[in-house]
Structures are given as C-alpha cells and as structure tokens.
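Containing compact mmCIF, C-alpha atoms and all ligand atoms: start23.txt.
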# COMPACT_ATOMS: atom_id res chain seq x y z
CA MET A 4 -11.62 17.86 -13.96
CA SER A 5 -12.42 14.62 -12.17
CA LEU A 6 -12.30 10.92 -12.97
CA THR A 7 -15.40 8.82 -12.37
CA ASP A 8 -15.92 5.17 -13.28
CA LYS A 9 -19.10 3.66 -14.69
CA PHE A 10 -20.37 2.85 -11.19
CA GLY A 11 -20.11 6.51 -10.18
CA ARG A 12 -17.00 6.05 -8.01
CA ARG A 13 -14.66 9.05 -8.06
CA ILE A 14 -11.11 7.92 -8.76
CA THR A 15 -8.80 10.12 -6.73
CA ASP A 16 -5.98 7.77 -5.61
CA LEU A 17 -3.12 6.43 -7.68
CA ARG A 18 -0.61 3.83 -6.47
CA VAL A 19 2.59 3.86 -8.46
CA SER A 20 5.04 1.02 -8.21
CA ILE A 21 8.53 2.22 -9.08
CA THR A 22 10.22 -1.18 -8.88
CA ASP A 23 9.28 -4.80 -8.33
CA ARG A 24 12.61 -5.47 -6.62
CA CYS A 25 12.53 -6.04 -2.90
CA ASN A 26 15.12 -6.56 -0.18
CA TYR A 27 12.60 -8.56 1.92
CA ARG A 28 11.02 -11.92 1.17
CA CYS A 29 7.80 -11.69 3.21
CA VAL A 30 6.07 -15.07 3.29
CA TYR A 31 2.66 -13.65 2.29
CA CYS A 32 4.09 -11.80 -0.71
CA ARG A 33 7.32 -13.16 -2.19
CA SER A 34 8.87 -16.47 -3.03
CA GLY A 35 12.07 -17.27 -1.13
CA GLU A 36 14.10 -16.80 -4.35
CA GLU A 37 16.29 -13.75 -4.96
CA ASP A 38 15.21 -11.20 -7.57
CA VAL A 39 17.08 -11.93 -10.76
CA LYS A 40 14.74 -10.20 -13.18
CA PHE A 41 12.87 -7.03 -12.38
CA SER A 42 11.19 -4.20 -14.23
CA GLU A 43 11.77 -0.52 -13.61
CA LEU A 44 11.15 2.47 -15.84
CA PRO A 45 13.21 5.65 -15.92
CA MET A 46 11.86 7.84 -13.10
CA GLN A 47 11.02 10.64 -15.56
CA ASP A 48 8.59 8.31 -17.31
CA TYR A 49 6.70 7.62 -14.07
CA VAL A 50 6.67 11.37 -13.41
CA ARG A 51 5.24 12.09 -16.84
CA LEU A 52 2.51 9.46 -16.43
CA VAL A 53 1.64 10.70 -12.93
CA ARG A 54 1.39 14.27 -14.25
CA VAL A 55 -1.23 13.15 -16.74
CA PHE A 56 -3.18 11.26 -14.05
CA VAL A 57 -3.07 14.37 -11.85
CA SER A 58 -4.28 16.61 -14.68
CA LEU A 59 -7.34 14.33 -14.89
CA GLY A 60 -8.27 14.45 -11.21
CA ILE A 61 -5.95 12.26 -9.12
CA GLU A 62 -5.42 13.92 -5.73
CA LYS A 63 -3.27 11.41 -3.84
CA VAL A 64 -0.28 9.45 -5.09
CA ARG A 65 1.23 6.62 -3.09
CA ILE A 66 4.65 5.44 -4.21
CA THR A 67 5.14 1.74 -3.66
CA GLY A 68 6.81 -1.36 -5.07
CA GLY A 69 8.60 -3.78 -4.59
CA GLU A 70 10.60 -1.69 -2.18
CA PRO A 71 10.52 1.94 -3.37
CA LEU A 72 13.40 3.07 -1.14
CA LEU A 73 15.73 0.93 -3.27
CA ARG A 74 15.44 3.42 -6.16
CA LYS A 75 18.28 5.91 -6.06
CA GLU A 76 16.40 8.72 -7.81
CA LEU A 77 13.52 8.62 -5.31
CA LEU A 78 14.16 12.02 -3.69
CA PRO A 79 14.07 14.08 -6.91
CA MET A 80 10.98 12.15 -7.98
CA VAL A 81 9.17 12.99 -4.73
CA GLU A 82 10.25 16.60 -5.12
CA GLU A 83 8.78 16.82 -8.61
CA LEU A 84 5.52 15.14 -7.65
CA ALA A 85 5.04 17.17 -4.48
CA ALA A 86 5.33 20.36 -6.56
CA LEU A 87 2.26 19.39 -8.62
CA THR A 88 -1.14 20.84 -7.88
CA THR A 89 -4.39 18.95 -8.24
CA ALA A 90 -6.92 19.59 -11.01
CA GLN A 91 -9.59 20.52 -8.43
CA PRO A 92 -8.66 23.48 -6.23
CA GLY A 93 -8.98 23.18 -2.44
CA LYS A 94 -12.07 24.30 -0.48
CA SER A 95 -10.90 27.91 -0.31
CA GLY A 96 -10.50 27.97 -4.10
CA ALA A 97 -6.71 28.07 -3.77
CA ALA A 98 -4.49 25.59 -5.63
CA LYS A 99 -4.10 22.32 -3.74
CA GLN A 100 -0.78 20.50 -3.53
CA LEU A 101 -0.72 16.88 -4.63
CA ASP A 102 -0.62 14.54 -1.61
CA VAL A 103 2.43 12.27 -2.00
CA ALA A 104 2.88 9.29 0.34
CA ILE A 105 5.07 6.18 0.39
CA THR A 106 4.64 2.58 1.49
CA THR A 107 7.91 0.96 2.53
CA ASN A 108 9.23 -1.94 4.54
CA GLY A 109 11.19 0.69 6.48
CA HIS A 110 14.57 -1.01 6.14
CA LEU A 111 16.25 2.07 4.63
CA LEU A 112 13.98 4.67 6.19
CA ALA A 113 16.12 5.78 9.14
CA LYS A 114 18.45 7.71 6.81
CA LEU A 115 15.83 8.75 4.27
CA ALA A 116 12.95 9.97 6.46
CA GLU A 117 14.24 13.50 6.89
CA PRO A 118 15.32 13.98 3.22
CA LEU A 119 11.96 12.60 2.08
CA ARG A 120 10.13 15.07 4.29
CA HIS A 121 12.25 17.87 2.81
CA ALA A 122 11.46 16.67 -0.68
CA GLY A 123 7.76 17.18 0.11
CA LEU A 124 6.54 13.72 1.16
CA SER A 125 3.43 14.02 3.33
CA ARG A 126 3.15 10.61 4.98
CA VAL A 127 4.68 7.19 5.24
CA THR A 128 3.26 3.74 5.88
CA VAL A 129 5.69 1.13 7.12
CA SER A 130 4.98 -2.58 6.72
CA MET A 131 6.03 -4.51 9.80
CA ASP A 132 4.53 -7.88 10.63
CA ALA A 133 5.87 -8.72 14.08
CA VAL A 134 6.95 -6.92 17.23
CA ASP A 135 8.86 -9.99 18.33
CA PRO A 136 12.28 -9.97 16.57
CA ALA A 137 12.38 -13.75 15.96
CA LYS A 138 8.88 -13.71 14.44
CA PHE A 139 9.92 -10.75 12.33
CA VAL A 140 12.69 -12.89 10.81
CA ARG A 141 10.23 -15.71 10.12
CA MET A 142 7.82 -13.32 8.35
CA THR A 143 10.39 -11.40 6.30
CA ARG A 144 13.03 -14.11 5.82
CA VAL A 145 15.79 -11.54 6.43
CA SER A 146 17.89 -11.63 9.55
CA ASN A 147 19.07 -8.02 9.89
CA GLY A 148 15.84 -6.07 9.50
CA TYR A 149 14.10 -5.64 12.83
CA ASP A 150 16.24 -2.90 14.40
CA ALA A 151 16.48 -1.03 11.11
CA VAL A 152 12.69 -0.96 10.71
CA VAL A 153 12.04 0.22 14.28
CA ALA A 154 14.70 2.91 13.76
CA GLY A 155 12.99 3.86 10.48
CA ILE A 156 9.60 4.24 12.17
CA ARG A 157 11.11 6.46 14.88
CA ALA A 158 12.99 8.55 12.31
CA ALA A 159 9.77 9.07 10.33
CA LYS A 160 8.08 10.37 13.49
CA ARG A 161 10.97 12.69 14.24
CA ALA A 162 10.91 13.99 10.68
CA GLY A 163 7.23 14.89 11.10
CA LEU A 164 5.89 12.37 8.56
CA GLU A 165 2.88 11.95 10.80
CA PRO A 166 0.74 10.14 11.47
CA VAL A 167 3.10 7.20 10.89
CA LYS A 168 1.09 4.13 10.01
CA VAL A 169 2.37 0.60 10.52
CA ASN A 170 0.69 -2.14 8.47
CA ALA A 171 0.78 -5.76 9.63
CA VAL A 172 -0.59 -8.59 7.50
CA ILE A 173 -1.89 -11.25 9.89
CA LEU A 174 -1.60 -14.94 9.00
CA ARG A 175 -2.81 -17.79 11.15
CA GLY A 176 0.09 -19.94 12.29
CA PHE A 177 2.58 -17.10 11.75
CA ASN A 178 1.78 -13.91 13.62
CA GLU A 179 -1.75 -13.80 15.03
CA ASP A 180 -0.12 -13.75 18.49
CA GLN A 181 1.42 -10.36 17.55
CA ILE A 182 -1.90 -8.49 17.55
CA ILE A 183 -1.79 -7.59 21.25
CA PRO A 184 1.94 -6.74 21.22
CA PHE A 185 1.18 -4.45 18.27
CA ALA A 186 -1.61 -2.77 20.26
CA ARG A 187 1.02 -2.05 22.93
CA PHE A 188 3.45 -0.88 20.23
CA SER A 189 0.89 1.63 18.98
CA ARG A 190 0.44 3.01 22.49
CA ASP A 191 4.15 3.08 23.33
CA GLU A 192 5.44 4.47 20.02
CA GLY A 193 2.55 6.80 19.16
CA VAL A 194 1.91 5.21 15.75
CA ILE A 195 -1.25 3.91 14.10
CA VAL A 196 -1.10 0.13 13.65
CA ARG A 197 -3.37 -1.42 11.04
CA PHE A 198 -4.01 -5.13 10.79
CA ILE A 199 -4.61 -6.40 7.26
CA GLU A 200 -6.43 -9.57 6.27
CA PHE A 201 -4.25 -11.82 4.14
CA MET A 202 -5.29 -11.70 0.46
CA PRO A 203 -4.55 -14.30 -2.24
CA LEU A 204 -1.83 -12.20 -3.91
CA GLU A 205 1.31 -14.07 -2.93
CA GLU A 206 3.87 -15.71 -5.20
CA GLU A 207 3.82 -18.97 -3.26
CA ARG A 208 0.72 -21.06 -2.55
CA LEU A 209 0.12 -20.13 1.05
CA TRP A 210 -3.33 -18.56 0.93
CA ALA A 211 -6.29 -20.59 2.12
CA PRO A 212 -9.49 -19.34 3.79
CA ASP A 213 -8.41 -20.72 7.17
CA VAL A 214 -5.04 -18.90 7.07
CA VAL A 215 -6.96 -15.60 6.99
CA VAL A 216 -7.48 -14.10 10.44
CA GLY A 217 -10.71 -12.24 9.83
CA TYR A 218 -12.06 -8.94 11.07
CA ASN A 219 -14.25 -10.39 13.87
CA GLU A 220 -11.45 -12.49 15.28
CA MET A 221 -9.01 -9.56 15.26
CA LEU A 222 -11.63 -7.41 16.97
CA ASP A 223 -12.14 -10.03 19.71
CA ILE A 224 -8.39 -10.30 20.31
CA LEU A 225 -8.00 -6.52 20.57
CA ASN A 226 -11.04 -6.22 22.86
CA SER A 227 -9.57 -8.89 25.14
CA PHE A 228 -6.55 -6.61 25.60
CA ARG A 229 -8.56 -3.44 26.32
CA PRO A 230 -12.05 -2.37 25.24
CA LEU A 231 -12.00 -0.74 21.81
CA VAL A 232 -13.73 2.54 21.04
CA PRO A 233 -14.60 3.14 17.34
CA LEU A 234 -13.27 6.27 15.63
CA PRO A 235 -14.93 7.97 12.64
CA ALA A 236 -13.56 7.44 9.13
CA THR A 237 -11.14 10.17 8.05
CA SER A 238 -12.21 10.11 4.39
CA ALA A 239 -14.88 8.64 2.13
CA GLY A 240 -12.60 5.98 0.63
CA GLU A 241 -11.05 5.00 4.01
CA THR A 242 -10.15 1.32 3.92
CA ALA A 243 -9.48 0.81 7.65
CA MET A 244 -12.02 0.58 10.43
CA ARG A 245 -10.41 2.71 13.12
CA TYR A 246 -10.38 2.32 16.90
CA THR A 247 -8.74 3.66 19.97
CA PHE A 248 -8.89 2.06 23.43
CA ASP A 249 -11.10 2.98 26.39
CA ASP A 250 -8.39 5.28 27.78
CA GLY A 251 -7.90 7.05 24.45
CA ILE A 252 -4.27 5.93 24.12
CA GLY A 253 -3.12 4.37 20.84
CA GLU A 254 -4.89 3.84 17.54
CA VAL A 255 -5.44 0.59 15.69
CA GLY A 256 -7.27 -0.17 12.48
CA ILE A 257 -8.48 -3.25 10.70
CA ILE A 258 -8.37 -3.50 6.92
CA ALA A 259 -10.66 -6.35 5.94
CA PRO A 260 -10.71 -6.72 2.14
CA VAL A 261 -11.65 -10.40 2.48
CA SER A 262 -14.44 -10.46 5.07
CA LYS A 263 -15.72 -6.88 4.65
CA ALA A 264 -14.82 -5.85 1.12
CA PHE A 265 -14.84 -2.10 0.53
CA CYS A 266 -15.04 -2.17 -3.28
CA GLY A 267 -18.15 0.04 -3.32
CA ALA A 268 -16.06 2.96 -2.09
CA CYS A 269 -12.90 2.13 -4.05
CA SER A 270 -11.19 5.26 -5.31
CA ARG A 271 -7.96 3.62 -6.53
CA VAL A 272 -6.14 2.73 -9.69
CA ARG A 273 -2.64 1.38 -9.98
CA LEU A 274 0.38 1.78 -12.20
CA THR A 275 2.75 -1.20 -12.17
CA SER A 276 6.51 -0.80 -12.26
CA ASP A 277 6.49 -1.67 -15.97
CA GLY A 278 3.93 1.03 -16.71
CA LYS A 279 0.73 -1.02 -16.93
CA MET A 280 -2.49 0.35 -15.51
CA ARG A 281 -4.55 -1.89 -13.22
CA THR A 282 -8.09 -1.07 -12.22
CA CYS A 283 -8.33 -3.61 -9.36
CA LEU A 284 -5.82 -5.65 -7.34
CA PHE A 285 -7.66 -8.71 -8.60
CA SER A 286 -7.94 -7.79 -12.29
CA GLN A 287 -7.32 -10.60 -14.73
CA SER A 288 -5.48 -8.27 -17.11
CA ASP A 289 -3.71 -4.95 -17.17
CA HIS A 290 -3.63 -2.08 -19.64
CA ASP A 291 -0.44 -1.03 -21.37
CA LEU A 292 -0.28 2.70 -20.70
CA TYR A 293 3.48 2.72 -21.14
CA GLY A 294 3.04 1.29 -24.63
CA VAL A 295 1.24 4.53 -25.58
CA LEU A 296 4.20 6.56 -24.29
CA GLN A 297 6.73 4.34 -26.06
CA ARG A 298 4.90 4.72 -29.36
CA GLY A 299 5.37 8.46 -29.06
CA GLY A 300 1.88 9.22 -27.72
CA SER A 301 1.14 12.77 -26.59
CA ASP A 302 -0.16 13.65 -23.12
CA ALA A 303 -3.62 13.87 -24.69
CA ASP A 304 -3.23 10.28 -25.98
CA LEU A 305 -2.16 9.13 -22.51
CA ALA A 306 -5.13 10.93 -20.94
CA ALA A 307 -7.56 9.33 -23.40
CA PHE A 308 -6.10 5.89 -22.63
CA ILE A 309 -6.42 6.46 -18.86
CA GLU A 310 -10.05 7.59 -19.18
CA LYS A 311 -10.96 4.63 -21.38
CA THR A 312 -9.28 2.22 -18.94
CA ILE A 313 -11.09 3.65 -15.92
CA GLU A 314 -14.38 2.82 -17.64
CA LYS A 315 -13.33 -0.84 -17.36
CA LYS A 316 -12.89 -0.73 -13.58
CA GLU A 317 -14.49 -3.81 -12.05
CA ALA A 318 -17.49 -3.52 -9.69
CA ARG A 319 -15.79 -5.64 -7.02
CA HIS A 320 -13.45 -8.54 -6.33
CA HIS A 321 -14.64 -12.13 -5.85
CA ILE A 322 -12.31 -13.50 -3.15
CA GLY A 323 -13.86 -16.48 -1.40
CA GLU A 324 -16.51 -17.06 -4.07
CA ALA A 325 -16.77 -20.22 -6.18
CA GLY A 326 -14.73 -19.80 -9.35
CA PHE A 327 -12.45 -17.08 -7.89
CA LEU A 328 -9.31 -16.78 -9.99
CA LYS A 329 -6.08 -15.41 -8.57
CA PRO A 330 -5.14 -12.17 -10.30
CA SER A 331 -2.82 -12.14 -13.29
CA ARG A 332 0.03 -10.81 -11.11
CA SER A 333 1.16 -11.12 -7.49
CA MET A 334 1.27 -8.15 -5.09
CA VAL A 335 4.95 -7.42 -5.55
CA HIS A 336 4.44 -7.07 -9.30
CA ILE A 337 1.27 -5.01 -8.95
CA GLY A 338 2.51 -2.67 -6.23
CA GLY A 339 0.67 -2.86 -2.93
N1 LIG B 401 7.88 -2.95 0.08
C1 LIG B 401 6.86 -2.03 0.51
C2 LIG B 401 6.26 -2.48 1.81
O1 LIG B 401 6.73 -3.46 2.38
O2 LIG B 401 5.33 -1.82 2.29
C3 LIG B 401 5.77 -1.76 -0.51
C4 LIG B 401 5.23 -2.90 -1.29
S1 LIG B 401 4.28 -4.07 -0.38
C5 LIG B 401 3.82 -5.18 -1.69
C6 LIG B 401 2.83 -3.13 -0.02
C7 LIG B 401 1.88 -3.70 0.98
O3 LIG B 401 1.27 -4.86 0.48
C8 LIG B 401 2.50 -4.06 2.31
O4 LIG B 401 1.83 -3.39 3.36
C9 LIG B 401 2.28 -5.54 2.38
O5 LIG B 401 2.16 -5.93 3.70
C10 LIG B 401 1.03 -5.73 1.56
N2 LIG B 401 0.82 -7.08 1.05
C11 LIG B 401 1.65 -7.80 0.26
N3 LIG B 401 1.13 -9.02 0.01
C12 LIG B 401 -0.06 -9.06 0.65
C13 LIG B 401 -1.08 -10.06 0.77
N4 LIG B 401 -0.96 -11.25 0.17
N5 LIG B 401 -2.18 -9.77 1.50
C14 LIG B 401 -2.30 -8.57 2.11
N6 LIG B 401 -1.38 -7.59 2.03
C15 LIG B 401 -0.27 -7.83 1.32

Now that the file is in, can you turn its structure into structure tokens?
Ligand code: SAM
Amino acid sequence: MSLTDKFGRRITDLRVSITDRCNYRCVYCRSGEEDVKFSELPMQDYVRLVRVFVSLGIEKVRITGGEPLLRKELLPMVEELAALTTAQPGKSGAAKQLDVAITTNGHLLAKLAEPLRHAGLSRVTVSMDAVDPAKFVRMTRVSNGYDAVVAGIRAAKRAGLEPVKVNAVILRGFNEDQIIPFARFSRDEGVIVRFIEFMPLEEERLWAPDVVVGYNEMLDILNSFRPLVPLPATSAGETAMRYTFDDGIGEVGIIAPVSKAFCGACSRVRLTSDGKMRTCLFSQSDHDLYGVLQRGGSDADLAAFIEKTIEKKEARHHIGEAGFLKPSRSMVHIGG
C-alpha cells in the first residue's frame, strides 16, 4: 500500500497537531494575546485517524501543535503510535515500526524526554530561536524559558533521542546575529542546528520579503565563521541542506522554503488539531476528515476520504509571487 499524489510524489509523512494551544508567543508565529479559545480532539480520535493514514502508506508521523507537550495524554498516545507497523515492510521484508517524532519548544522537555523515549519516540526537534538569553525572551515573549529549553535539549540527548535537532527561524532585525552563536552551539552541544527562512504564516503582520534572511545570506554568514562542507541528504524528501565545518565538528542545515522551495519533493500532509486535513502549508482550504469520523464513518470511509484529498495536493506554493495569498490558517493552527 502506498499513497501517491497526482504529480507522482509519494506521501509518506504525516504531521499531526494535537493542540493549537501554546505556552510561547513567538513573534513569527503567534499574536501577543493569550489563548482563550483552542481546539483539541480526544487523543483516541487522533490515534484512530493516524492508524488509517498508516494503513495507507504513511511511514513517519511527527506530533506537533501548538505545543504538543501541553497535552497530558501524550505518553500513552506515543506508545500506541510507536507500536504500529507501516504498510510497506522494511528492506529485509520484516515488519517496520512506525517512525514517531515530536516538534516542541522544549519548555517541558527536561522531565518528559526520558518517558517519551520509553514510550517509543524516535526523535525530537526543539525550536529555539536565540542562544542569547535576552534575545530568546524577545523572540518568544516569555521570560522564564531559556534555561528550561537548554535543559530540555540536554535531557533529550541523554535520553538517546538522537540526533537532537534544533530549529531556529531567522528574522532580520530580530535574530540574524544568532547564526554564528548557533553554529558554536551545535559544536559545543553536539546537536544539529537548522536555520529556517521565515514564511508568511504568522498571526501578526510581520512578514515582508526583506524580513526574510535568505539561504545565500545565511550561507555567507556561516562561511565567515568557518568554511562549510556540504553533507549528503539523508532521505529523498529532506528539506534541509546539510553542512558540517572544515574540521568536521558540528552540523548545521538551512531550510529555505522561500528562496529554494522544495515542493517537487514534498512527501507531507497535515492533520490540524481540529481534525482537518491539509495538503500544503499554504492551502487556501482544508478538508474535514474529522467530520467523516463524527458522522459515524468507518475506517474504509476515512481511507477513501484521505485518498481523495491527496489527489488535491497542490503542485507548489507561490510565496513571493504576484497575487500570493496568505494561507487560510496561521502556523499555530495548522501545526508546524
Ligand atoms: N510548539 C512547537 C515548537 O515550537 O516547535 C511545535 C509547533 S511550531 C508551530 C512548529 C515549527 O514551526 C517551529 O519550528 C517553528 O519555529 C515553526 N514556525 C512557526 N511559524 C513559522 C513561520 N512563520 N516561518 C517559519 N517557521 C515557522
């Protein structure tokens, strides 16, 4: 069983948002307002939907949000998902375990890293946008996060959730001066740091072409620190261009959805925290998969809906082109 869209792209990755609540207010994502309304489904409903996706050919599930570590029933959910096997067996012909990863801001990770590993989580990506504590506060708009996040990253390493990846969204005027400190952080802490171009997915109106620090500029900054040496992609749908330095210490990556879009190799679909399917971050609409479940649909009905929706997957996004429309939802409501 495998899922392929009308452009021949194999769809193997599912991002599932399990809440659109967040304890951070990152400037490139959230408004400064507190969350008063949010949407979350019972965890068993996400599990049922993921099961159907996996039966159709999904091989990797990334749990995201909002902040996924805020959900109390996260550990049993990870346990259930990690026990699933993929529709396609592994190379040896033996059953292959579903790859379950999480993206988190890391605030609650120090305590949860070890239990998550036990529950069967394979990897974790931590979002952290500054190495300088004062800049960290300016980016996240929370005052007590920095030490907790660094402790979370270290706990994830100790728990064996490796390689630990740290994602930093770079915005001109906010944190472009953090690129070199992050290169040092990668070398000192033994983590992979990936710099992400800012996309127009925020709740506030901050995005403009000149706020984006593009791939070439990031590359120049990193090369001015130490010469970069390219590394091969680890998978076909790899979104980051990977590098180490001339002495082989540290690993950095650049994810450049704006200046070097990778839509041609996109293998992803998304499930929002309210159970809608999205075929692209920049879709103008979403598809009410949860509605099928609520109307008493069978797993076969859910599967048919998923297959029909994947046929609608867009060829590419249009950021930076005349007539570009912001997507129908912001990142926190889609699930990054
Ligand atoms: N709360 C979790 C976290 O902080 O990783 C998961 C959700 S967050 C929305 C997922 C990812 O989306 C983070 O790595 C975040 O940096 C990224 N993100 C959010 N808004 C973005 C934007 N406008 N452009 C690029 N990346 C963005």

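Atom CA of A:Gly123 is positioned 26.3 Å from atom CA of A:Val255.
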
TODO: Between atom CA of A:Leu78 and atom CA of A:Lys160, measure the distance and give it in Å to one decimal.
DONE: 18.3 Å

Task: Nearby residues (all atoms listed in the file) at most 7 Å from A:Ile313, same-chain spacing under 4 positions excluded, as a list in words - done: Asp8, Thr282 and Ile309 of chain A

Expected file contents, prior selection, C-alpha atoms, as a PDB file, keeping the file's coordinate frame:
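This is the output file part07.pdb:
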ATOM      1  CA  ASP A   8     -15.920   5.170 -13.280  1.00  0.00           C
ATOM      2  CA  THR A 282      -8.090  -1.070 -12.220  1.00  0.00           C
ATOM      3  CA  ILE A 309      -6.420   6.460 -18.860  1.00  0.00           C
TER       4      ILE A 309
END

Task: Residue neighbourhood A:Val261, 12 Å, all atoms listed in the file, exclusion window fewer than 4 positions, as a PyMOL selection string - done: chain A and resi 199-204+210-219+242+257+265-266+285+319-324

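Between ligand LIG 401 (chain B) and the residues A:Ala236, A:Ala171, A:Val53, A:Leu44, the shortest atom-to-atom distance, using all atoms listed in the file, involves A:Ala171.
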
Could you list, with a cut-off of 12 Å and counting only C-alpha atoms, the residues of stretch 62-137 of chain A near stretch 15-37 of chain A, each shown with its nearest atom pair and the distance in Å rounded to one decimal, rows sorted by chain and ascending number, as JSON lines?
{"residue": "A:Glu62", "atom": "CA", "partner": "A:Thr15", "partner_atom": "CA", "distance": 5.2}
{"residue": "A:Lys63", "atom": "CA", "partner": "A:Asp16", "partner_atom": "CA", "distance": 4.9}
{"residue": "A:Val64", "atom": "CA", "partner": "A:Leu17", "partner_atom": "CA", "distance": 4.9}
{"residue": "A:Arg65", "atom": "CA", "partner": "A:Arg18", "partner_atom": "CA", "distance": 4.8}
{"residue": "A:Ile66", "atom": "CA", "partner": "A:Val19", "partner_atom": "CA", "distance": 5.0}
{"residue": "A:Thr67", "atom": "CA", "partner": "A:Ser20", "partner_atom": "CA", "distance": 4.6}
{"residue": "A:Gly68", "atom": "CA", "partner": "A:Ser20", "partner_atom": "CA", "distance": 4.3}
{"residue": "A:Gly69", "atom": "CA", "partner": "A:Asp23", "partner_atom": "CA", "distance": 3.9}
{"residue": "A:Glu70", "atom": "CA", "partner": "A:Cys25", "partner_atom": "CA", "distance": 4.8}
{"residue": "A:Pro71", "atom": "CA", "partner": "A:Ile21", "partner_atom": "CA", "distance": 6.1}
{"residue": "A:Leu72", "atom": "CA", "partner": "A:Cys25", "partner_atom": "CA", "distance": 9.3}
{"residue": "A:Leu73", "atom": "CA", "partner": "A:Cys25", "partner_atom": "CA", "distance": 7.7}
{"residue": "A:Arg74", "atom": "CA", "partner": "A:Thr22", "partner_atom": "CA", "distance": 7.5}
{"residue": "A:Lys75", "atom": "CA", "partner": "A:Ile21", "partner_atom": "CA", "distance": 10.9}
{"residue": "A:Glu76", "atom": "CA", "partner": "A:Ile21", "partner_atom": "CA", "distance": 10.3}
{"residue": "A:Leu77", "atom": "CA", "partner": "A:Ile21", "partner_atom": "CA", "distance": 8.9}
{"residue": "A:Met80", "atom": "CA", "partner": "A:Ile21", "partner_atom": "CA", "distance": 10.3}
{"residue": "A:Val81", "atom": "CA", "partner": "A:Ile21", "partner_atom": "CA", "distance": 11.6}
{"residue": "A:Leu84", "atom": "CA", "partner": "A:Val19", "partner_atom": "CA", "distance": 11.7}
{"residue": "A:Thr89", "atom": "CA", "partner": "A:Thr15", "partner_atom": "CA", "distance": 10.0}
{"residue": "A:Ala90", "atom": "CA", "partner": "A:Thr15", "partner_atom": "CA", "distance": 10.6}
{"residue": "A:Gln91", "atom": "CA", "partner": "A:Thr15", "partner_atom": "CA", "distance": 10.6}
{"residue": "A:Leu101", "atom": "CA", "partner": "A:Asp16", "partner_atom": "CA", "distance": 10.6}
{"residue": "A:Asp102", "atom": "CA", "partner": "A:Asp16", "partner_atom": "CA", "distance": 9.5}
{"residue": "A:Val103", "atom": "CA", "partner": "A:Leu17", "partner_atom": "CA", "distance": 9.9}
{"residue": "A:Ala104", "atom": "CA", "partner": "A:Arg18", "partner_atom": "CA", "distance": 9.4}
{"residue": "A:Ile105", "atom": "CA", "partner": "A:Arg18", "partner_atom": "CA", "distance": 9.2}
{"residue": "A:Thr106", "atom": "CA", "partner": "A:Arg18", "partner_atom": "CA", "distance": 9.6}
{"residue": "A:Thr107", "atom": "CA", "partner": "A:Cys25", "partner_atom": "CA", "distance": 10.0}
{"residue": "A:Asn108", "atom": "CA", "partner": "A:Tyr27", "partner_atom": "CA", "distance": 7.9}
{"residue": "A:Gly109", "atom": "CA", "partner": "A:Tyr27", "partner_atom": "CA", "distance": 10.4}
{"residue": "A:His110", "atom": "CA", "partner": "A:Asn26", "partner_atom": "CA", "distance": 8.4}
{"residue": "A:Leu111", "atom": "CA", "partner": "A:Asn26", "partner_atom": "CA", "distance": 9.9}
{"residue": "A:Ser130", "atom": "CA", "partner": "A:Cys29", "partner_atom": "CA", "distance": 10.2}
{"residue": "A:Met131", "atom": "CA", "partner": "A:Cys29", "partner_atom": "CA", "distance": 9.9}
{"residue": "A:Asp132", "atom": "CA", "partner": "A:Cys29", "partner_atom": "CA", "distance": 9.0}
{"residue": "A:Ala133", "atom": "CA", "partner": "A:Cys29", "partner_atom": "CA", "distance": 11.4}

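Residue nearest A:Val172, chosen from A:Val194, A:Ile224, A:Ala259, A:Val152 and counting all atoms listed in the file: A:Ala259.
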
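Once all atoms listed in the file are considered, the residues situated within 12 Å of the file point (15.8, -14.4, 9.5) turn out to be A:Tyr27, A:Arg28, A:Cys29, A:Val30, A:Gly35, A:Pro136, A:Ala137, A:Lys138, A:Phe139, A:Val140, A:Arg141, A:Met142, A:Thr143, A:Arg144, A:Val145, A:Ser146, A:Asn147, A:Gly148, A:Tyr149.
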
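Going from atom C8 of ligand LIG 401 (chain B) to atom CA of A:Ile183 covers 19.7 Å.
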
Draw an axis-aligned box tight on the listed atoms of stretch 206-225 of chain A, then pad every side by 5 Å and write out centre and edge lengths in Å to one decimal as lines of an AutoDock Vina configuration file.
center_x = -5.2
center_y = -13.8
center_z = 7.7
size_x = 28.1
size_y = 24.5
size_z = 35.8

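Among the candidate residues A:Arg197, A:Leu115, A:Ile337, A:Tyr246, the one lying nearest to A:Ile258 is A:Arg197, with distances computed using only C-alpha atoms.
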
Open item on the list: For a cutoff of 9 Å around the file-coordinate point (2.7, 1.3, -14.1), which residues qualify once you count only C-alpha atoms? I'd like the result as a PyMOL selection string.
Closed with: chain A and resi 18-21+44+49+52+273-281+291-293+337-338

Would you write out those residues with C-alpha atoms, as a short mmCIF file (atom, residue, chain, number, x, y, z; two decimals), keeping the file's coordinate frame?
data_model
loop_
_atom_site.label_atom_id
_atom_site.label_comp_id
_atom_site.auth_asym_id
_atom_site.auth_seq_id
_atom_site.Cartn_x
_atom_site.Cartn_y
_atom_site.Cartn_z
CA ARG A 18 -0.61 3.83 -6.47
CA VAL A 19 2.59 3.86 -8.46
CA SER A 20 5.04 1.02 -8.21
CA ILE A 21 8.53 2.22 -9.08
CA LEU A 44 11.15 2.47 -15.84
CA TYR A 49 6.70 7.62 -14.07
CA LEU A 52 2.51 9.46 -16.43
CA ARG A 273 -2.64 1.38 -9.98
CA LEU A 274 0.38 1.78 -12.20
CA THR A 275 2.75 -1.20 -12.17
CA SER A 276 6.51 -0.80 -12.26
CA ASP A 277 6.49 -1.67 -15.97
CA GLY A 278 3.93 1.03 -16.71
CA LYS A 279 0.73 -1.02 -16.93
CA MET A 280 -2.49 0.35 -15.51
CA ARG A 281 -4.55 -1.89 -13.22
CA ASP A 291 -0.44 -1.03 -21.37
CA LEU A 292 -0.28 2.70 -20.70
CA TYR A 293 3.48 2.72 -21.14
CA ILE A 337 1.27 -5.01 -8.95
CA GLY A 338 2.51 -2.67 -6.23
#

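Proximity to A:Lys316 was assessed for A:Glu220, A:Glu241, A:Asp304, A:Asp289 counting only C-alpha atoms; the smallest distance is recorded for A:Asp289.
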